[in-house]
file run21.cif (mmCIF, C-alpha atoms and all ligand atoms)
data_upload
#
loop_
_atom_site.label_atom_id
_atom_site.label_comp_id
_atom_site.auth_asym_id
_atom_site.auth_seq_id
_atom_site.Cartn_x
_atom_site.Cartn_y
_atom_site.Cartn_z
CA MET O 641 -96.47 246.08 79.03
CA ILE O 642 -97.62 249.17 77.19
CA GLY O 643 -101.07 250.02 75.91
CA VAL O 644 -101.19 251.02 72.27
CA PRO O 645 -103.33 254.08 71.57
CA ALA O 646 -105.40 253.91 68.35
CA ALA O 647 -103.27 256.30 66.34
CA ARG O 648 -99.87 255.95 67.84
CA PRO O 649 -96.84 258.06 67.01
CA SER O 650 -94.18 256.16 65.10
CA ASN O 651 -91.07 254.69 66.65
CA ARG O 652 -88.49 253.96 63.99
CA TYR O 653 -86.81 251.22 66.03
CA ILE O 654 -90.04 249.27 66.04
CA ASP O 655 -92.01 250.24 62.93
CA ALA O 656 -89.17 250.06 60.39
CA PHE O 657 -88.49 246.50 61.60
CA ARG O 658 -92.04 245.41 60.81
CA ASP O 659 -92.01 246.20 57.08
CA GLY O 660 -94.06 243.42 55.48
CA ARG O 661 -92.61 243.85 52.00
CA VAL O 662 -89.02 243.46 53.20
CA ALA O 663 -90.14 240.56 55.41
CA ARG O 664 -91.52 238.62 52.44
CA ARG O 665 -88.34 239.18 50.42
CA LEU O 666 -86.20 238.03 53.35
CA ALA O 667 -88.35 234.92 53.66
CA ASP O 668 -87.75 234.24 49.93
CA ALA O 669 -84.01 234.56 50.51
CA ILE O 670 -84.29 232.06 53.38
CA TRP O 671 -86.20 229.59 51.16
CA GLU O 672 -83.41 229.82 48.62
CA LEU O 673 -80.69 229.19 51.21
CA VAL O 674 -82.46 226.27 52.86
CA GLY O 675 -83.31 224.61 49.53
CA LYS O 676 -83.83 220.92 50.18
CA GLY O 677 -81.94 221.05 53.47
CA ARG O 678 -83.47 220.22 56.84
CA PHE O 679 -82.46 222.36 59.78
CA SER O 680 -83.58 222.73 63.33
CA PHE O 681 -82.88 226.13 64.86
CA MET O 682 -83.48 226.76 68.53
CA GLU O 683 -85.20 229.91 69.74
CA VAL O 684 -83.33 230.00 73.01
CA CYS O 685 -85.60 232.77 74.27
CA GLY O 686 -89.31 232.34 74.95
CA THR O 687 -89.97 235.83 73.63
CA HIS O 688 -88.70 234.59 70.24
CA THR O 689 -91.21 231.73 70.32
CA VAL O 690 -94.09 234.10 70.99
CA SER O 691 -92.90 236.67 68.46
CA ALA O 692 -92.48 234.03 65.73
CA PHE O 693 -96.07 232.91 66.24
CA ARG O 694 -97.66 236.30 66.69
CA SER O 695 -96.08 237.92 63.65
CA GLY O 696 -97.11 235.02 61.44
CA LEU O 697 -93.46 234.47 60.59
CA ARG O 698 -93.58 230.70 61.14
CA SER O 699 -95.92 230.27 58.20
CA MET O 700 -93.49 232.13 55.92
CA LEU O 701 -90.63 229.70 56.47
CA PRO O 702 -89.78 226.61 54.40
CA ASP O 703 -90.94 223.21 55.68
CA GLY O 704 -87.36 222.03 56.02
CA LEU O 705 -86.67 224.68 58.62
CA GLU O 706 -87.91 223.91 62.07
CA LEU O 707 -87.97 226.41 64.94
CA ARG O 708 -87.72 224.74 68.34
CA SER O 709 -88.42 226.37 71.66
CA GLY O 710 -85.70 226.31 74.25
CA PRO O 711 -85.06 226.92 77.93
CA GLY O 712 -85.38 230.71 77.73
CA CYS O 713 -88.46 231.18 79.89
CA PRO O 714 -87.29 232.10 83.41
CA VAL O 715 -90.53 231.19 85.11
CA CYS O 716 -90.63 227.83 83.31
CA VAL O 717 -87.13 226.75 84.27
CA THR O 718 -87.52 227.77 87.91
CA PRO O 719 -88.09 224.55 89.88
CA ASN O 720 -91.16 224.22 92.10
CA SER O 721 -89.08 224.32 95.26
CA TYR O 722 -88.45 228.03 94.65
CA LEU O 723 -92.11 228.93 94.37
CA ASP O 724 -92.93 226.69 97.34
CA ARG O 725 -90.48 228.67 99.46
CA ALA O 726 -92.00 231.96 98.29
CA ILE O 727 -95.46 230.68 99.16
CA ALA O 728 -94.25 229.58 102.59
CA LEU O 729 -92.88 233.09 103.22
CA GLY O 730 -96.24 234.54 102.17
CA ARG O 731 -97.99 232.25 104.64
CA LYS O 732 -95.74 233.66 107.37
CA GLY O 733 -97.34 237.03 106.70
CA MET O 734 -94.65 238.58 104.54
CA THR O 735 -95.64 240.65 101.53
CA LEU O 736 -94.55 239.11 98.23
CA ALA O 737 -93.67 241.28 95.23
CA THR O 738 -93.45 239.40 91.95
CA PHE O 739 -93.25 239.92 88.22
CA GLY O 740 -96.61 239.16 86.63
CA ASP O 741 -95.28 236.09 84.87
CA MET O 742 -94.88 234.18 88.12
CA PHE O 743 -98.31 235.00 89.48
CA ARG O 744 -100.31 232.08 88.10
CA VAL O 745 -97.55 229.48 87.91
CA PRO O 746 -98.45 226.32 89.81
CA GLY O 747 -96.09 225.33 92.62
CA SER O 748 -96.22 221.91 94.28
CA SER O 749 -99.67 222.45 95.77
CA SER O 750 -100.61 226.11 95.33
CA SER O 751 -99.82 229.26 93.36
CA LEU O 752 -99.38 232.94 94.23
CA LEU O 753 -102.80 233.59 92.72
CA LYS O 754 -104.45 231.02 95.00
CA GLU O 755 -102.49 232.25 97.99
CA ARG O 756 -103.70 235.79 97.40
CA ALA O 757 -107.28 234.60 97.16
CA MET O 758 -106.73 233.00 100.57
CA GLY O 759 -105.47 236.24 102.06
CA ALA O 760 -101.73 236.33 101.38
CA LYS O 761 -100.27 239.73 100.47
CA VAL O 762 -99.06 239.32 96.89
CA HIS O 763 -98.29 242.32 94.69
CA VAL O 764 -97.56 242.12 90.99
CA VAL O 765 -94.89 244.68 90.14
CA TYR O 766 -93.36 245.88 86.92
CA SER O 767 -89.95 246.81 88.29
CA PRO O 768 -87.89 245.59 91.26
CA LEU O 769 -87.79 249.24 92.36
CA ASP O 770 -91.53 248.93 93.05
CA ALA O 771 -90.65 246.47 95.81
CA LEU O 772 -88.60 249.19 97.54
CA ARG O 773 -91.58 251.52 97.38
CA LEU O 774 -93.80 248.79 98.84
CA ALA O 775 -91.32 248.18 101.66
CA GLU O 776 -91.10 251.88 102.46
CA ASP O 777 -94.89 252.05 102.78
CA SER O 778 -95.32 248.86 104.78
CA ASP O 779 -94.75 247.80 108.37
CA GLY O 780 -93.76 244.22 107.61
CA THR O 781 -91.19 242.55 105.42
CA VAL O 782 -91.49 242.67 101.63
CA VAL O 783 -89.91 239.81 99.66
CA PHE O 784 -89.12 240.42 96.00
CA LEU O 785 -89.08 237.29 93.86
CA ALA O 786 -85.94 237.81 91.80
CA VAL O 787 -86.14 235.49 88.82
CA GLY O 788 -84.94 236.09 85.29
CA PHE O 789 -81.83 235.83 83.16
CA GLU O 790 -78.92 238.19 82.55
CA THR O 791 -81.41 240.72 81.14
CA THR O 792 -83.10 241.12 84.51
CA ALA O 793 -80.29 240.43 87.00
CA PRO O 794 -78.62 243.87 86.59
CA ALA O 795 -81.91 245.64 87.37
CA VAL O 796 -82.20 243.59 90.55
CA ALA O 797 -78.54 244.21 91.41
CA ALA O 798 -79.11 247.96 91.08
CA THR O 799 -82.18 247.63 93.30
CA VAL O 800 -80.28 245.70 96.01
CA LEU O 801 -77.62 248.44 96.01
CA GLU O 802 -80.36 251.04 96.20
CA ALA O 803 -81.87 249.25 99.23
CA ARG O 804 -78.47 249.33 100.89
CA SER O 805 -77.89 253.00 100.19
CA ARG O 806 -81.37 253.87 101.46
CA ASN O 807 -80.63 251.76 104.53
CA LEU O 808 -83.87 249.88 103.84
CA HIS O 809 -83.90 246.53 105.61
CA LYS O 810 -87.57 245.63 105.33
CA VAL O 811 -87.04 244.43 101.76
CA LYS O 812 -85.56 241.00 101.03
CA PHE O 813 -84.72 239.29 97.77
CA LEU O 814 -85.41 235.64 97.00
CA VAL O 815 -82.86 235.26 94.23
CA ALA O 816 -82.97 232.55 91.57
CA HIS O 817 -81.43 234.31 88.59
CA LYS O 818 -80.12 232.03 85.89
CA LEU O 819 -77.43 232.29 83.24
CA ILE O 820 -78.08 231.36 79.65
CA PRO O 821 -74.73 230.24 78.14
CA PRO O 822 -74.22 227.37 80.64
CA ALA O 823 -77.74 226.11 79.83
CA MET O 824 -76.94 226.21 76.10
CA ARG O 825 -73.80 224.16 76.71
CA CYS O 826 -75.84 221.68 78.72
CA LEU O 827 -78.23 221.25 75.76
CA LEU O 828 -75.34 220.72 73.35
CA GLU O 829 -74.01 217.98 75.62
CA ASP O 830 -77.39 216.20 75.55
CA PRO O 831 -77.41 213.40 72.95
CA ASP O 832 -81.22 213.64 72.57
CA VAL O 833 -81.13 217.26 71.50
CA ARG O 834 -80.46 218.20 67.90
CA ILE O 835 -79.59 221.83 67.28
CA ASP O 836 -78.27 223.11 63.95
CA GLY O 837 -78.15 226.72 65.06
CA PHE O 838 -78.97 228.97 67.97
CA MET O 839 -81.02 232.14 67.75
CA CYS O 840 -79.32 233.67 70.77
CA PRO O 841 -81.49 235.78 73.06
CA GLY O 842 -81.25 239.45 72.08
CA HIS O 843 -81.87 241.05 75.44
CA VAL O 844 -79.66 238.67 77.42
CA SER O 845 -76.96 239.55 74.88
CA VAL O 846 -77.47 243.29 75.44
CA VAL O 847 -75.90 242.60 78.84
CA ILE O 848 -73.41 239.78 78.14
CA GLY O 849 -72.37 240.69 74.56
CA SER O 850 -71.33 238.14 71.95
CA GLU O 851 -68.16 236.69 73.50
CA PRO O 852 -69.80 234.09 75.82
CA TYR O 853 -71.23 232.26 72.77
CA ARG O 854 -67.88 231.94 71.04
CA PRO O 855 -66.72 228.80 72.91
CA LEU O 856 -70.08 227.15 72.12
CA ALA O 857 -69.81 227.86 68.39
CA ARG O 858 -66.21 226.69 68.39
CA ASP O 859 -66.48 223.56 70.57
CA TYR O 860 -69.70 222.23 69.05
CA GLY O 861 -69.62 223.66 65.54
CA VAL O 862 -73.00 225.31 66.00
CA PRO O 863 -73.69 228.73 64.48
CA CYS O 864 -74.95 231.33 66.95
CA VAL O 865 -76.77 234.46 65.83
CA ILE O 866 -77.87 237.06 68.37
CA THR O 867 -81.37 237.97 67.30
CA GLY O 868 -83.86 240.73 68.11
CA PHE O 869 -87.61 240.42 68.40
CA GLU O 870 -89.29 242.40 65.63
CA PRO O 871 -90.20 240.37 62.54
CA LEU O 872 -87.30 241.72 60.46
CA ASP O 873 -84.89 241.08 63.33
CA MET O 874 -86.02 237.48 63.55
CA LEU O 875 -85.88 236.96 59.80
CA GLN O 876 -82.41 238.46 59.72
CA GLY O 877 -81.34 236.06 62.46
CA ILE O 878 -82.78 233.06 60.63
CA TYR O 879 -81.30 234.24 57.33
CA LEU O 880 -77.81 234.50 58.84
CA LEU O 881 -78.12 231.05 60.45
CA ALA O 882 -79.27 229.54 57.15
CA ARG O 883 -76.43 231.24 55.33
CA GLN O 884 -73.89 229.91 57.82
CA LYS O 885 -75.31 226.41 57.30
CA ALA O 886 -75.12 226.82 53.51
CA GLU O 887 -71.51 227.94 53.77
CA GLY O 888 -70.52 225.38 56.41
CA MET O 889 -69.66 227.99 58.99
CA ALA O 890 -70.11 228.07 62.78
CA GLU O 891 -69.60 231.63 63.91
CA VAL O 892 -71.13 234.08 66.34
CA GLN O 893 -72.92 236.93 64.59
CA ILE O 894 -75.00 239.83 65.85
CA ALA O 895 -78.27 240.46 64.03
CA TYR O 896 -79.41 243.06 66.57
CA ARG O 897 -76.69 245.68 66.33
CA ARG O 898 -78.75 248.67 67.36
CA VAL O 899 -78.60 247.49 70.98
CA VAL O 900 -76.11 244.59 71.20
CA ARG O 901 -72.40 245.48 71.34
CA PRO O 902 -69.75 242.74 71.17
CA ASP O 903 -68.70 243.47 74.77
CA GLY O 904 -72.27 243.95 76.05
CA ASN O 905 -73.12 246.39 78.83
CA THR O 906 -70.03 246.50 81.04
CA LYS O 907 -71.58 248.68 83.73
CA ALA O 908 -74.55 246.32 84.09
CA ARG O 909 -72.19 243.35 84.46
CA GLU O 910 -70.10 245.17 87.06
CA LEU O 911 -73.20 245.73 89.19
CA MET O 912 -74.15 242.05 88.81
CA GLU O 913 -70.68 241.00 89.91
CA GLU O 914 -70.74 243.30 92.89
CA VAL O 915 -74.03 241.91 94.19
CA PHE O 916 -74.18 238.27 93.05
CA ARG O 917 -72.01 235.18 93.16
CA VAL O 918 -72.22 232.37 90.59
CA VAL O 919 -73.54 229.00 91.83
CA ASP O 920 -74.41 225.59 90.41
CA ASP O 921 -78.15 225.72 89.93
CA GLU O 922 -81.15 223.51 89.29
CA TRP O 923 -83.23 223.98 86.11
CA ARG O 924 -86.54 222.38 85.31
CA GLY O 925 -85.85 220.16 82.34
CA LEU O 926 -82.08 220.39 82.47
CA GLY O 927 -81.52 219.36 86.08
CA PRO O 928 -78.41 220.65 87.83
CA VAL O 929 -76.26 222.86 85.59
CA PRO O 930 -72.77 223.90 86.73
CA GLU O 931 -72.20 227.63 87.30
CA SER O 932 -75.59 228.56 85.89
CA GLY O 933 -77.22 230.54 88.68
CA LEU O 934 -76.79 233.67 90.76
CA ARG O 935 -77.29 234.22 94.49
CA LEU O 936 -76.62 237.22 96.69
CA ARG O 937 -73.07 237.61 97.94
CA GLU O 938 -72.50 237.16 101.65
CA GLU O 939 -72.14 240.88 102.31
CA PHE O 940 -75.76 241.31 101.20
CA GLY O 941 -76.94 238.59 103.60
CA GLU O 942 -79.23 241.04 105.37
CA TRP O 943 -81.28 241.34 102.19
CA ASP O 944 -81.27 237.63 101.39
CA ALA O 945 -84.68 235.96 101.77
CA GLU O 946 -83.06 232.54 101.44
CA THR O 947 -81.77 232.80 105.00
CA ILE O 948 -85.24 233.39 106.51
CA PRO O 949 -86.11 230.18 108.37
CA VAL O 950 -89.36 228.72 107.08
CA GLU O 951 -90.80 225.28 106.61
CA VAL O 952 -91.21 224.45 102.93
CA GLU O 953 -93.36 221.59 101.65
CA PRO O 954 -91.51 218.84 99.73
CA ALA O 955 -91.52 219.70 96.01
CA VAL O 956 -93.55 217.57 93.62
CA GLU O 957 -93.69 218.02 89.86
CA PRO O 958 -97.09 217.63 88.17
CA SER O 959 -97.46 214.11 86.77
CA GLY O 960 -97.72 213.78 83.02
CA CYS O 961 -96.39 217.28 82.37
CA ARG O 962 -93.58 217.31 79.80
CA CYS O 963 -92.52 220.88 80.43
CA GLY O 964 -88.97 219.70 81.07
CA ASP O 965 -88.75 218.09 77.62
CA VAL O 966 -90.34 221.15 76.04
CA LEU O 967 -87.63 223.30 77.63
CA ARG O 968 -84.91 221.05 76.19
CA GLY O 969 -86.47 221.22 72.76
CA THR O 970 -87.04 217.45 72.61
CA CYS O 971 -90.84 217.67 72.81
CA SER O 972 -93.08 220.03 70.94
CA PRO O 973 -96.04 221.11 73.14
CA PRO O 974 -98.76 219.34 71.08
CA GLU O 975 -96.85 216.09 71.68
CA CYS O 976 -97.74 216.31 75.38
CA ALA O 977 -100.82 214.20 76.08
CA LEU O 978 -102.23 216.85 78.42
CA PHE O 979 -101.85 219.74 75.95
CA GLY O 980 -105.17 221.45 75.27
CA ARG O 981 -107.03 218.75 77.25
CA ALA O 982 -106.19 218.63 80.95
CA CYS O 983 -103.79 221.54 80.48
CA THR O 984 -104.96 224.92 79.15
CA PRO O 985 -104.06 228.52 80.03
CA GLU O 986 -107.20 228.64 82.24
CA HIS O 987 -106.25 225.41 84.03
CA PRO O 988 -102.50 225.10 83.61
CA VAL O 989 -100.78 221.91 84.75
CA GLY O 990 -97.22 223.11 84.15
CA ALA O 991 -95.38 226.42 84.10
CA CYS O 992 -94.91 226.27 80.30
CA MET O 993 -98.67 226.78 79.88
CA VAL O 994 -98.81 229.82 82.14
CA SER O 995 -95.98 232.16 81.42
CA SER O 996 -96.65 234.66 78.64
CA GLU O 997 -93.57 233.29 76.94
CA GLY O 998 -94.02 229.64 77.81
CA ALA O 999 -93.90 227.47 74.70
CA CYS O 1000 -97.09 225.57 75.58
CA ALA O 1001 -99.00 228.84 76.06
CA ALA O 1002 -97.71 230.17 72.72
CA TRP O 1003 -98.68 226.96 70.89
CA TYR O 1004 -102.08 226.97 72.52
CA ARG O 1005 -102.76 230.60 71.62
CA TYR O 1006 -101.39 230.70 68.10
CA GLY O 1007 -100.29 227.30 66.94
CA ARG O 1008 -103.42 225.16 66.79
CA MET V 798 -90.03 238.01 80.62
CA CYS V 799 -87.07 239.33 78.69
CA LEU V 800 -89.36 241.80 76.97
CA ALA V 801 -87.71 245.19 76.45
CA VAL V 802 -88.83 248.18 74.42
CA PRO V 803 -87.09 251.19 72.89
CA MET V 804 -88.32 254.38 74.57
CA ARG V 805 -87.33 258.03 74.14
CA VAL V 806 -85.85 259.74 77.19
CA ILE V 807 -87.70 262.95 78.03
CA GLU V 808 -86.30 263.70 81.48
CA VAL V 809 -83.13 262.85 83.43
CA ARG V 810 -82.74 263.36 87.20
CA GLY V 811 -79.60 261.67 88.43
CA ASP V 812 -80.13 257.90 88.45
CA MET V 813 -83.78 258.18 87.46
CA GLY V 814 -85.45 259.44 84.31
CA VAL V 815 -88.71 259.46 82.40
CA ALA V 816 -89.07 257.78 79.03
CA GLU V 817 -91.90 257.60 76.57
CA LEU V 818 -93.26 255.20 73.98
CA TRP V 819 -96.45 255.67 72.01
CA GLY V 820 -97.56 258.48 74.28
CA VAL V 821 -97.13 256.38 77.44
CA ARG V 822 -94.62 257.68 80.00
CA ARG V 823 -92.70 255.65 82.52
CA GLU V 824 -90.16 256.25 85.20
CA VAL V 825 -86.96 254.38 84.38
CA GLY V 826 -83.84 253.63 86.36
CA LEU V 827 -80.68 254.84 84.60
CA HIS V 828 -78.30 253.04 86.99
CA LEU V 829 -77.04 250.67 84.30
CA LEU V 830 -75.92 253.29 81.76
CA GLU V 831 -73.48 256.22 81.58
CA ASP V 832 -74.34 259.66 80.20
CA VAL V 833 -77.97 259.27 79.20
CA GLU V 834 -79.33 262.47 77.68
CA VAL V 835 -82.80 263.75 76.92
CA GLY V 836 -83.67 262.69 73.38
CA ASP V 837 -81.71 259.40 73.53
CA TYR V 838 -83.59 256.21 72.84
CA VAL V 839 -83.02 253.55 75.49
CA LEU V 840 -84.06 249.92 75.70
CA VAL V 841 -86.23 249.54 78.81
CA HIS V 842 -86.66 246.28 80.73
CA ALA V 843 -88.25 245.85 84.18
CA GLY V 844 -88.16 249.58 84.81
CA PHE V 845 -84.49 250.01 83.93
CA ALA V 846 -82.78 251.31 80.81
CA ILE V 847 -80.44 248.46 79.89
CA GLU V 848 -78.82 249.97 76.79
CA LYS V 849 -78.87 252.98 74.50
CA VAL V 850 -80.22 252.40 71.02
CA ASP V 851 -77.57 253.20 68.40
CA PRO V 852 -79.33 255.10 65.56
CA GLY V 853 -76.45 254.59 63.11
CA GLU V 854 -76.45 250.82 63.61
CA ALA V 855 -80.24 250.73 63.18
CA GLU V 856 -79.96 252.45 59.78
CA ARG V 857 -77.07 250.23 58.70
CA THR V 858 -79.11 247.13 59.55
CA LEU V 859 -82.15 248.42 57.64
CA GLU V 860 -79.95 249.17 54.62
CA MET V 861 -78.42 245.72 54.73
CA LEU V 862 -81.86 244.13 54.99
CA SER V 863 -83.19 246.00 51.98
CA GLU V 864 -80.09 244.89 50.08
CA ILE V 865 -80.78 241.24 50.86
CA ALA V 866 -84.45 241.79 50.09
CA GLY V 867 -83.65 243.50 46.79
CA ALA V 868 -81.17 240.89 45.60
S1 LIG O 1101 -99.05 221.18 77.83
FE1 LIG O 1101 -99.19 221.54 80.04
S2 LIG O 1101 -98.80 219.53 80.92
FE2 LIG O 1101 -98.07 219.44 78.81
S3 LIG O 1101 -95.90 220.04 78.91
FE3 LIG O 1101 -97.05 221.91 78.54
S4 LIG O 1101 -97.38 222.76 80.59
FE4 LIG O 1101 -96.83 220.61 80.87
#
call {"tool": "encode", "arguments": {"input": "run21.cif", "output": "structure tokens", "more": "lines below"}}
Ligand code: SF4
result
Amino acid sequence: MIGVPAARPSNRYIDAFRDGRVARRLADAIWELVGKGRFSFMEVCGTHTVSAFRSGLRSMLPDGLELRSGPGCPVCVTPNSYLDRAIALGRKGMTLATFGDMFRVPGSSSSLLKERAMGAKVHVVYSPLDALRLAEDSDGTVVFLAVGFETTAPAVAATVLEARSRNLHKVKFLVAHKLIPPAMRCLLEDPDVRIDGFMCPGHVSVVIGSEPYRPLARDYGVPCVITGFEPLDMLQGIYLLARQKAEGMAEVQIAYRRVVRPDGNTKARELMEEVFRVVDDEWRGLGPVPESGLRLREEFGEWDAETIPVEVEPAVEPSGCRCGDVLRGTCSPPECALFGRACTPEHPVGACMVSSEGACAAWYRYGR
Amino acid sequence: MCLAVPMRVIEVRGDMGVAELWGVRREVGLHLLEDVEVGDYVLVHAGFAIEKVDPGEAERTLEMLSEIAGA
């Protein structure tokens, strides 16, 4: 997101958490705790997967400790039908505003990138507020593709409220926000999935706090540690999980205290509740998950792009792609027969190879 | 997509502000927080500050980590 000038000023909340000497000592402490044990910890969040690769942290960990990717890549878990609808709206002449992550993801027969090449108006934006600016400057309708977890949903909620207070009706929201704790429960219910501990997503937890994980830790005896994204944050998270395993505990702990409070960000949640209602939702890989999605409340119907009548092609999933299994943590990307052959970041078959935090993309870039 | 970075607030105008990281400035929405002041560090995601960074907690964590690392 941000360019790094050659000699950049320091930022204590980043630099101090990248200290290589402390990192090596923490890794030693993890080796000691794991001993001859074998554990599989899930990086619920795709940003964890990328960070673990990029920082070289994976190579510091004992062989008995496996890090598995999980469902925490919003673009990856969004089913094709969503993107197909967005594409159909673009073909009707509406302007689409999307986060960059969605831009190259293949839908059933096209992608936003291809659609733009064929003349559709697709803008990559950094913030949902940019969609309001686009709408103010345009004659037609602008549709913002609102995907993302609890981290992102409050920003979109604030933007919807902003659209209402500016009396701006040319902007619509195609909402497919998803909620992480119900997806984690769904994984724990799956007999094929083995999880000895969850590295809970740090930035989702900034919003929801630590309480929503408590029933998971209690009902399934799985330790949950809310983890940040700098190398020392990640090592702290893994250390605390390993220590809980060594001591036979299953608690919720916060390893990212500088931004995660036990009760989360109450104001952000209030805005979410004002704007969205909770629905049963469809996830790639997990299928339908009860009470796991958000849609606009009825009173915001005027801003809801779901109600715009449009013909959407029937959704098809790419054949041979194991993205769904990757998202459940039952398949590691290199186990997919297409990985690195038919499917590469230049010619992606599935969403997991496209998104910057997709597990297949991370394995391709760093893991081979 | 859940990427978020700690940035220092250098300007506050009602619900909007300007924050900086590594010499790069960005407009950020402050709708999700109460009482943001110039000089605060905030965690920025998708153009919105989603939480204030707590300096005391950051130091406590670093201390705890060097304790584990030293042991
Ligand atoms: S490597 Fe490509 S085809 Fe295989 S699971 Fe990943 S995205 Fe799908």
call {"tool": "residues_around", "arguments": {"input": "run21.cif", "residues": "Phe789 (chain O)", "least_positions_apart": "6", "cutoff": "9 Å", "atoms": "only C-alpha atoms", "output": "PyMOL selection string"}}
result
(chain O and resi 712-714+817-820+844+933) or (chain V and resi 798-799)
call {"tool": "residues_near_ligand", "arguments": {"input": "run21.cif", "ligand": "ligand LIG 1101 (chain O)", "cutoff": "8 Å", "atoms": "all atoms listed in the file", "output": "list in words"}}
result
Pro958, Gly960, Cys961, Arg962, Cys963, Gly964, Asp965, Val966, Pro973, Pro974, Glu975, Cys976, Ala977, Leu978, Phe979, Gly980, Ala982, Cys983, Thr984, Pro988, Val989, Gly990, Ala991, Cys992, Met993, Val994, Ala999, Cys1000 and Ala1001 of chain O
call {"tool": "closest_atom_pairs", "arguments": {"input": "run21.cif", "of": "chain O", "to": "chain V", "cutoff": "6 Å", "atoms": "all atoms listed in the file", "output": "tab-separated table"}}
result
residue	atom	partner	partner_atom	distance
O:Arg648	CA	V:Trp819	CA	5.4
O:Pro649	CA	V:Trp819	CA	5.6
O:Val662	CA	V:Ala866	CA	5.8
O:Arg665	CA	V:Ala866	CA	4.7
O:Leu666	CA	V:Ala866	CA	5.3
O:Tyr766	CA	V:Ala843	CA	5.8
O:Ser767	CA	V:Ala843	CA	4.6
O:Arg897	CA	V:Glu854	CA	5.8
O:Arg898	CA	V:Asp851	CA	4.8
O:Val899	CA	V:Val850	CA	5.2
O:Lys907	CA	V:Leu829	CA	5.8
O:Ala908	CA	V:Leu829	CA	5.0
call {"tool": "residues_around", "arguments": {"input": "run21.cif", "residues": "region 833-837 of chain V", "least_positions_apart": "5", "cutoff": "7 Å", "atoms": "only C-alpha atoms", "output": "list in words"}}
result
Arg805, Val806, Ile807, Glu808 and Val809 of chain V
call {"tool": "atom_distance", "arguments": {"input": "run21.cif", "atom1": "CA of Gly733 (chain O)", "atom2": "CA of Arg806 (chain O)"}}
result
23.8 Å
call {"tool": "atom_distance", "arguments": {"input": "run21.cif", "atom1": "CA of Gly710 (chain O)", "atom2": "CA of Ser996 (chain O)"}}
result
14.5 Å
call {"tool": "closest_residue", "arguments": {"input": "run21.cif", "among": "O:Lys810, O:Arg804, O:Lys676, O:Lys761", "to": "Glu939 (chain O)", "atoms": "all atoms listed in the file"}}
result
O:Arg804
call {"tool": "atom_distance", "arguments": {"input": "run21.cif", "atom1": "CA of Arg981 (chain O)", "atom2": "CA of Ser680 (chain O)"}}
result
27.6 Å
call {"tool": "axis_aligned_box", "arguments": {"input": "run21.cif", "around": "region 665-682 of chain O", "padding_each_side": "5 Å", "output": "JSON"}}
result
{"center_x": -84.5, "center_y": 229.7, "center_z": 58.6, "size_x": 17.7, "size_y": 29.0, "size_z": 29.9}
call {"tool": "residues_around", "arguments": {"input": "run21.cif", "residues": "Ile654 (chain O)", "least_positions_apart": "4", "cutoff": "10 Å", "atoms": "all atoms listed in the file", "output": "PDB file with C-alpha atoms, in the coordinates of the input"}}
result
ATOM      1  CA  SER O 650     -94.180 256.160  65.100  1.00  0.00           C
ATOM      2  CA  ARG O 658     -92.040 245.410  60.810  1.00  0.00           C
ATOM      3  CA  ASP O 659     -92.010 246.200  57.080  1.00  0.00           C
ATOM      4  CA  PHE O 869     -87.610 240.420  68.400  1.00  0.00           C
ATOM      5  CA  GLU O 870     -89.290 242.400  65.630  1.00  0.00           C
ATOM      6  CA  PRO O 871     -90.200 240.370  62.540  1.00  0.00           C
ATOM      7  CA  LEU O 872     -87.300 241.720  60.460  1.00  0.00           C
TER       8      LEU O 872
ATOM      9  CA  VAL V 802     -88.830 248.180  74.420  1.00  0.00           C
ATOM     10  CA  PRO V 803     -87.090 251.190  72.890  1.00  0.00           C
TER      11      PRO V 803
END
call {"tool": "closest_residue", "arguments": {"input": "run21.cif", "among": "O:Val846, O:Arg678, O:Asp655, O:Gly888", "to": "Val841 (chain V)", "atoms": "all atoms listed in the file"}}
result
O:Val846
call {"tool": "closest_residue", "arguments": {"input": "run21.cif", "among": "O:Ile878, O:Leu753, O:His763, O:Asp830", "to": "Val674 (chain O)", "atoms": "all atoms listed in the file"}}
result
O:Ile878
call {"tool": "residues_around", "arguments": {"input": "run21.cif", "residues": "Glu931 (chain O)", "least_positions_apart": "2", "cutoff": "10 Å", "atoms": "only C-alpha atoms", "output": "list in words"}}
result
Lys818, Leu819, Pro821, Pro822, Ala823, Arg917, Val918, Val919, Asp920, Asp921, Pro928, Val929, Gly933 and Leu934 of chain O
